[in-house]
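Notes follow once the structure below has been shown.
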Number of protein chains: 2
Amino acid sequence: MDEFGLIRVWTEDRQSKEFLQGSGVILGIGDDTAIVQGASGQEWLLAMDTMVEEVHFLSDTMCEEDIGYKALASNISDIAAMGGVPKFALVSVSIPPNWNEQRMKKVYDGLYECAAQYEVAVVGGDTTAAPRHLVVSVTVMGTVEAGRALRRSDAGPGQFVFLTGATGLSAAGLHGLLPKPEGSRSPRPPQRLIKAHQRPSPSVKAGRLLVEQGWGSALNDISDGLASEAWEIAEASSVRLILKEAQLPLSGELAAYAHRCRINPLDWVLYGGEDYVLLGTADHRHEAAMKEQFRAEGIPLFIIGEVEQGAPEVLLEASSGRRQQILKQGYNHFSKG
Amino acid sequence: MDEFGLIRVWTEDRQSKEFLQGSGVILGIGDDTAIVQGASGQEWLLAMDTMVEEVHFLSDTMCEEDIGYKALASNISDIAAMGGVPKFALVSVSIPPNWNEQRMKKVYDGLYECAAQYEVAVVGGDTTAAPRHLVVSVTVMGTVEAGRALRRSDAGPGQFVFLTGATGLSAAGLHGLLPKPEGSRSPRPPQRLIKAHQRPSPSVKAGRLLVEQGWGSALNDISDGLASEAWEIAEASSVRLILKEAQLPLSGELAAYAHRCRINPLDWVLYGGEDYVLLGTADHRHEAAMKEQFRAEGIPLFIIGEVEQGAPEVLLEASSGRRQQILKQGYNHFSKG
């Protein structure tokens, strides 16, 4: 069973709708963030994301500062994926013996760098020992105008599908960072791909535009890969998503590096995670205004497909018009699981 | 350096007071919870607490359900320690290969049992793999009337010191649960001590009474042990705390088990953690009303000492009147660190 299946088995139907509603829960488990009632006119978005040594990072792939930065950034991205403003963070670290005070200080250096960039107040957390690998868990609270959060369940037939940036860069960067078998000659990836993996930029500005202008319908951030996130929208909204291969943004650097590695770049574009750009759907009547405003703000916007009525699935449409289903496969850092 | 020293080094002065205040932060790192602005007349309390296999529990000491129950309970206790009402929880689990779906379901069974008991809505979280030990991290949001949260920095000279229950029971239970060297004959502790360790009861009702009636000044929950929590209040409030040995509550079962084990029960009472009763201070003018109301509600209340002016420290006063400083030592589950 995959992660989402397991979460369902462990958590579904545990608490009654009446209890949850009465408690002020507007949206529970199953989207990028939970939504709970806030002050009048405003709701709270709650996200929690964990990074584990050997699962999400190795000393080869991320330095201490990167780990702290990305642990917070991935949570901020969840707030962005609802169209919200990140506000507060809590940080819990479980520290094994080989992570000394100096190394841990660097983790916090990176975390506070990200906090400063996104104006997030770090207000608390926990510090414990761990027998082995480092675990960094972060909770972020954000706000959004009441009733305006962009859920993955709000895609509708006739809408177009968009991305706010290219995907696959983080996975390509990771590929380049991983140690290679001895003797093998492997090209080093461009800095931009490495940076995409180590220092992702959550798309808060794009999310805010979509909410403030009322353009966005469904929205997800690319944490588990384009394929997986598109499937989530399709299933949550009960629609078919058509992604047009020719319209998927392909970074030139990614294409060149993939070519040198003899890897199909589409594998990274569809199944590479942690790019933290936004995948969404919107009505065609907003298309022109969106394009203009995104251009004015310097935020990329790629129209990559259409939403159709039909059983939930995601299809990739080739230039020939031929369609095939995209695997529901998620992102696995070190292909262990 | 101890945990609190490290947290200071890693987090102190990272963000300006102006920024934090402007963001709506009322209290940042350094108490049981953070406090941030809520709807009018109300503030949010934010707590995050992590439990790590081999550090906080072993298969000998806690079953799956206990782990889930206690991971949430320890966070609820942080809300109780501010006098608040727990409302929402986020849960992150990092799962090693030997923790299968069935075992993890039991962890959630225990967690939801605790959530039902304290009427906490579980609204989200994260699930990741882990190479080895299980890590369960929980965030809880609670509410409190604006300006009424009970901070550890609010103890004042002339106040009395109280406990809402006996301490040391959890540590004694853990002692009984730990595997003994082969051949050694060791008494088994009473169920009540084992239960105190595995299924602690956060003191939400007591905390609410203290806030609603305006009785409480400083307040902490006993997570790191009476000695450590008393030191935190003394240092945060810049006062001297006198704990009177003869007035410390000593459970008969704890005393009997300690005697059979040839252990000084005071070691558990002072330095055993995770009892999750409340340690606080209050003005003497409230003493009679507090005693009466706590009795009426069936909540224990022990007056165990006094707050004096003086350099921050905690003294234990024997019946003879002789005083000696209590070690600032915290609680260490398996005495590894």
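Within each chain, counting starts at residue 1; across the structure tokens, chains are named A, B, ... in the order shown, with ligands numbered 1 upward in that order.
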Checklist line | Contacts of range 293-301 of chain B at 8 Å (only C-alpha atoms; same-chain gap of 6+ positions) as a list in words | finding: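 Residues near the query, excluding close chain neighbours: Phe162, Leu163, Thr164, Gly165 and Ala206 of chain B.
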Restricting the output to N, CA, C and O atoms, write the selected residues as an mmCIF file, in the first residue's frame.
data_model
loop_
_atom_site.group_PDB
_atom_site.id
_atom_site.type_symbol
_atom_site.label_atom_id
_atom_site.label_comp_id
_atom_site.auth_asym_id
_atom_site.auth_seq_id
_atom_site.Cartn_x
_atom_site.Cartn_y
_atom_site.Cartn_z
ATOM 1 N N PHE B 162 2.818 24.682 44.509
ATOM 2 C CA PHE B 162 1.910 23.532 44.596
ATOM 3 C C PHE B 162 2.157 22.510 43.484
ATOM 4 O O PHE B 162 2.773 22.815 42.459
ATOM 5 N N LEU B 163 1.678 21.314 43.732
ATOM 6 C CA LEU B 163 1.676 20.228 42.744
ATOM 7 C C LEU B 163 0.257 19.698 42.639
ATOM 8 O O LEU B 163 -0.446 19.610 43.642
ATOM 9 N N THR B 164 -0.163 19.312 41.424
ATOM 10 C CA THR B 164 -1.518 18.762 41.272
ATOM 11 C C THR B 164 -1.533 17.230 41.291
ATOM 12 O O THR B 164 -2.534 16.616 40.898
ATOM 13 N N GLY B 165 -0.427 16.642 41.749
ATOM 14 C CA GLY B 165 -0.391 15.191 41.853
ATOM 15 C C GLY B 165 0.993 14.759 42.298
ATOM 16 O O GLY B 165 1.922 15.579 42.356
ATOM 17 N N ALA B 206 -7.111 20.811 35.780
ATOM 18 C CA ALA B 206 -6.440 21.624 36.803
ATOM 19 C C ALA B 206 -5.960 22.945 36.207
ATOM 20 O O ALA B 206 -6.127 24.015 36.801
#
Margin query: From a backbone DSSP assignment, name each residue in range 104-337 of chain B labelled alpha helix (DSSP H), as a ChimeraX atom specification.
Written below: /B:104-117,169-177,191-198,204-212,226-237,252-261,265-271,287-297
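CA of Glu65 in chain B to CA of Gln117 in chain B spans 14.2 Å [interatomic distance, one decimal].
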Note to self: If the cut-off is 6 Å, can you tell me the residues of chain A near chain B, counting only C-alpha atoms? I'd like them as a PyMOL selection string.
What the structure shows: chain A and resi 10+28-29+34+39+48-49+105+123-126
Any chance you can output those residues with N, CA, C and O atoms as a CSV table (one decimal), in the first residue's frame?
chain,number,residue,atom,x,y,z
A,10,TRP,N,-5.1,4.2,8.6
A,10,TRP,CA,-4.8,4.6,10.0
A,10,TRP,C,-5.7,5.7,10.5
A,10,TRP,O,-5.9,5.8,11.7
A,28,GLY,N,-9.8,18.5,7.1
A,28,GLY,CA,-8.9,17.6,7.9
A,28,GLY,C,-7.9,17.0,7.0
A,28,GLY,O,-7.4,17.6,6.1
A,29,ILE,N,-7.5,15.8,7.4
A,29,ILE,CA,-6.5,15.1,6.7
A,29,ILE,C,-6.8,14.9,5.2
A,29,ILE,O,-7.9,14.5,4.9
A,34,ALA,N,-4.2,21.2,6.6
A,34,ALA,CA,-5.5,21.3,7.3
A,34,ALA,C,-6.0,22.7,7.3
A,34,ALA,O,-5.2,23.6,7.1
A,39,ALA,N,-9.6,34.0,13.2
A,39,ALA,CA,-10.4,35.2,13.5
A,39,ALA,C,-11.3,35.4,12.3
A,39,ALA,O,-11.2,34.9,11.3
A,48,MET,N,2.6,19.9,8.4
A,48,MET,CA,3.7,19.3,9.1
A,48,MET,C,4.4,18.4,8.2
A,48,MET,O,3.8,17.6,7.5
A,49,ASP,N,5.7,18.5,8.1
A,49,ASP,CA,6.5,17.8,7.2
A,49,ASP,C,7.9,17.4,7.8
A,49,ASP,O,8.5,18.2,8.5
A,105,LYS,N,24.0,23.7,14.8
A,105,LYS,CA,23.8,25.1,14.7
A,105,LYS,C,23.7,25.5,13.2
A,105,LYS,O,22.9,26.4,12.8
A,123,VAL,N,8.7,29.9,16.5
A,123,VAL,CA,8.2,30.1,17.8
A,123,VAL,C,8.4,29.0,18.8
A,123,VAL,O,8.1,29.2,20.0
A,124,GLY,N,8.8,27.8,18.4
A,124,GLY,CA,9.0,26.8,19.4
A,124,GLY,C,9.4,25.5,18.7
A,124,GLY,O,9.8,25.4,17.6
A,125,GLY,N,9.3,24.4,19.5
A,125,GLY,CA,9.6,23.1,19.0
A,125,GLY,C,10.1,22.1,20.1
A,125,GLY,O,9.7,22.3,21.2
A,126,ASP,N,11.0,21.2,19.7
A,126,ASP,CA,11.4,20.2,20.6
A,126,ASP,C,12.8,19.8,20.2
A,126,ASP,O,13.2,19.9,19.0
Note to self: My list of candidates is A:Val144, A:Leu177, A:Leu241, A:Ala282. Which is closest to Ala80 in chain A when distances are computed with only C-alpha atoms?
What the structure shows: A:Val144
Notebook entry, point to check: Could you name the residues that touch range 311-328 of chain B at 10 Å or less, counting only C-alpha atoms, but leaving out those on the same chain fewer than 3 positions away, as a PyMOL selection string?
Noted result: chain B and resi 225-247+270-271+305+307-308
Next item on the list: May I have the residues within 9 Å of Ala73 in chain B as an NGL selection string, using only C-alpha atoms and disregarding those fewer than 4 positions away in the same chain?
Entry: :B and (68-69 or 77-78 or 111 or 114-115 or 118 or 199-202 or 276)
Next item on the list: Would you mind listing what lies within 6 Å of Thr143 in chain A as an NGL selection string, with only C-alpha atoms counted and same-chain residues fewer than 2 positions away left out?
Entry: :A and (43-45 or 84-85)
Output N, CA and C atoms for every residue in that selection, as a tab-separated table (two decimals), in the first residue's frame.
chain	number	residue	atom	x	y	z
A	43	GLU	N	-8.81	32.13	7.98
A	43	GLU	CA	-8.67	30.75	8.44
A	43	GLU	C	-7.20	30.41	8.63
A	44	TRP	N	-6.93	29.41	9.47
A	44	TRP	CA	-5.56	28.93	9.67
A	44	TRP	C	-5.28	27.72	8.79
A	45	LEU	N	-4.11	27.68	8.22
A	45	LEU	CA	-3.63	26.52	7.47
A	45	LEU	C	-2.54	25.85	8.31
A	84	GLY	N	-2.00	30.32	0.73
A	84	GLY	CA	-1.92	31.04	1.99
A	84	GLY	C	-0.62	31.78	2.22
A	85	VAL	N	-0.57	32.45	3.36
A	85	VAL	CA	0.61	33.19	3.80
A	85	VAL	C	1.21	32.47	5.00
Next item on the list: Write down as a list in words the residues of range 236-270 of chain A whose backbone DSSP state falls under strand (DSSP E).
Entry: Arg240, Leu241, Ile242, Leu243 and Lys244 of chain A
File dump, residues just selected, C-alpha atoms, as a short mmCIF file (atom, residue, chain, number, x, y, z; two decimals), in the first residue's frame:
data_model
loop_
_atom_site.label_atom_id
_atom_site.label_comp_id
_atom_site.auth_asym_id
_atom_site.auth_seq_id
_atom_site.Cartn_x
_atom_site.Cartn_y
_atom_site.Cartn_z
CA ARG A 240 -9.59 13.24 -15.86
CA LEU A 241 -6.44 15.31 -16.30
CA ILE A 242 -4.81 15.44 -19.73
CA LEU A 243 -1.17 16.55 -19.71
CA LYS A 244 0.17 17.47 -23.15
#
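Comparing B:Gly280, B:Gly207, B:Gly147, B:Gly142 by their smallest distance to Asn75 in chain B, the closest is B:Gly142 (using only C-alpha atoms).
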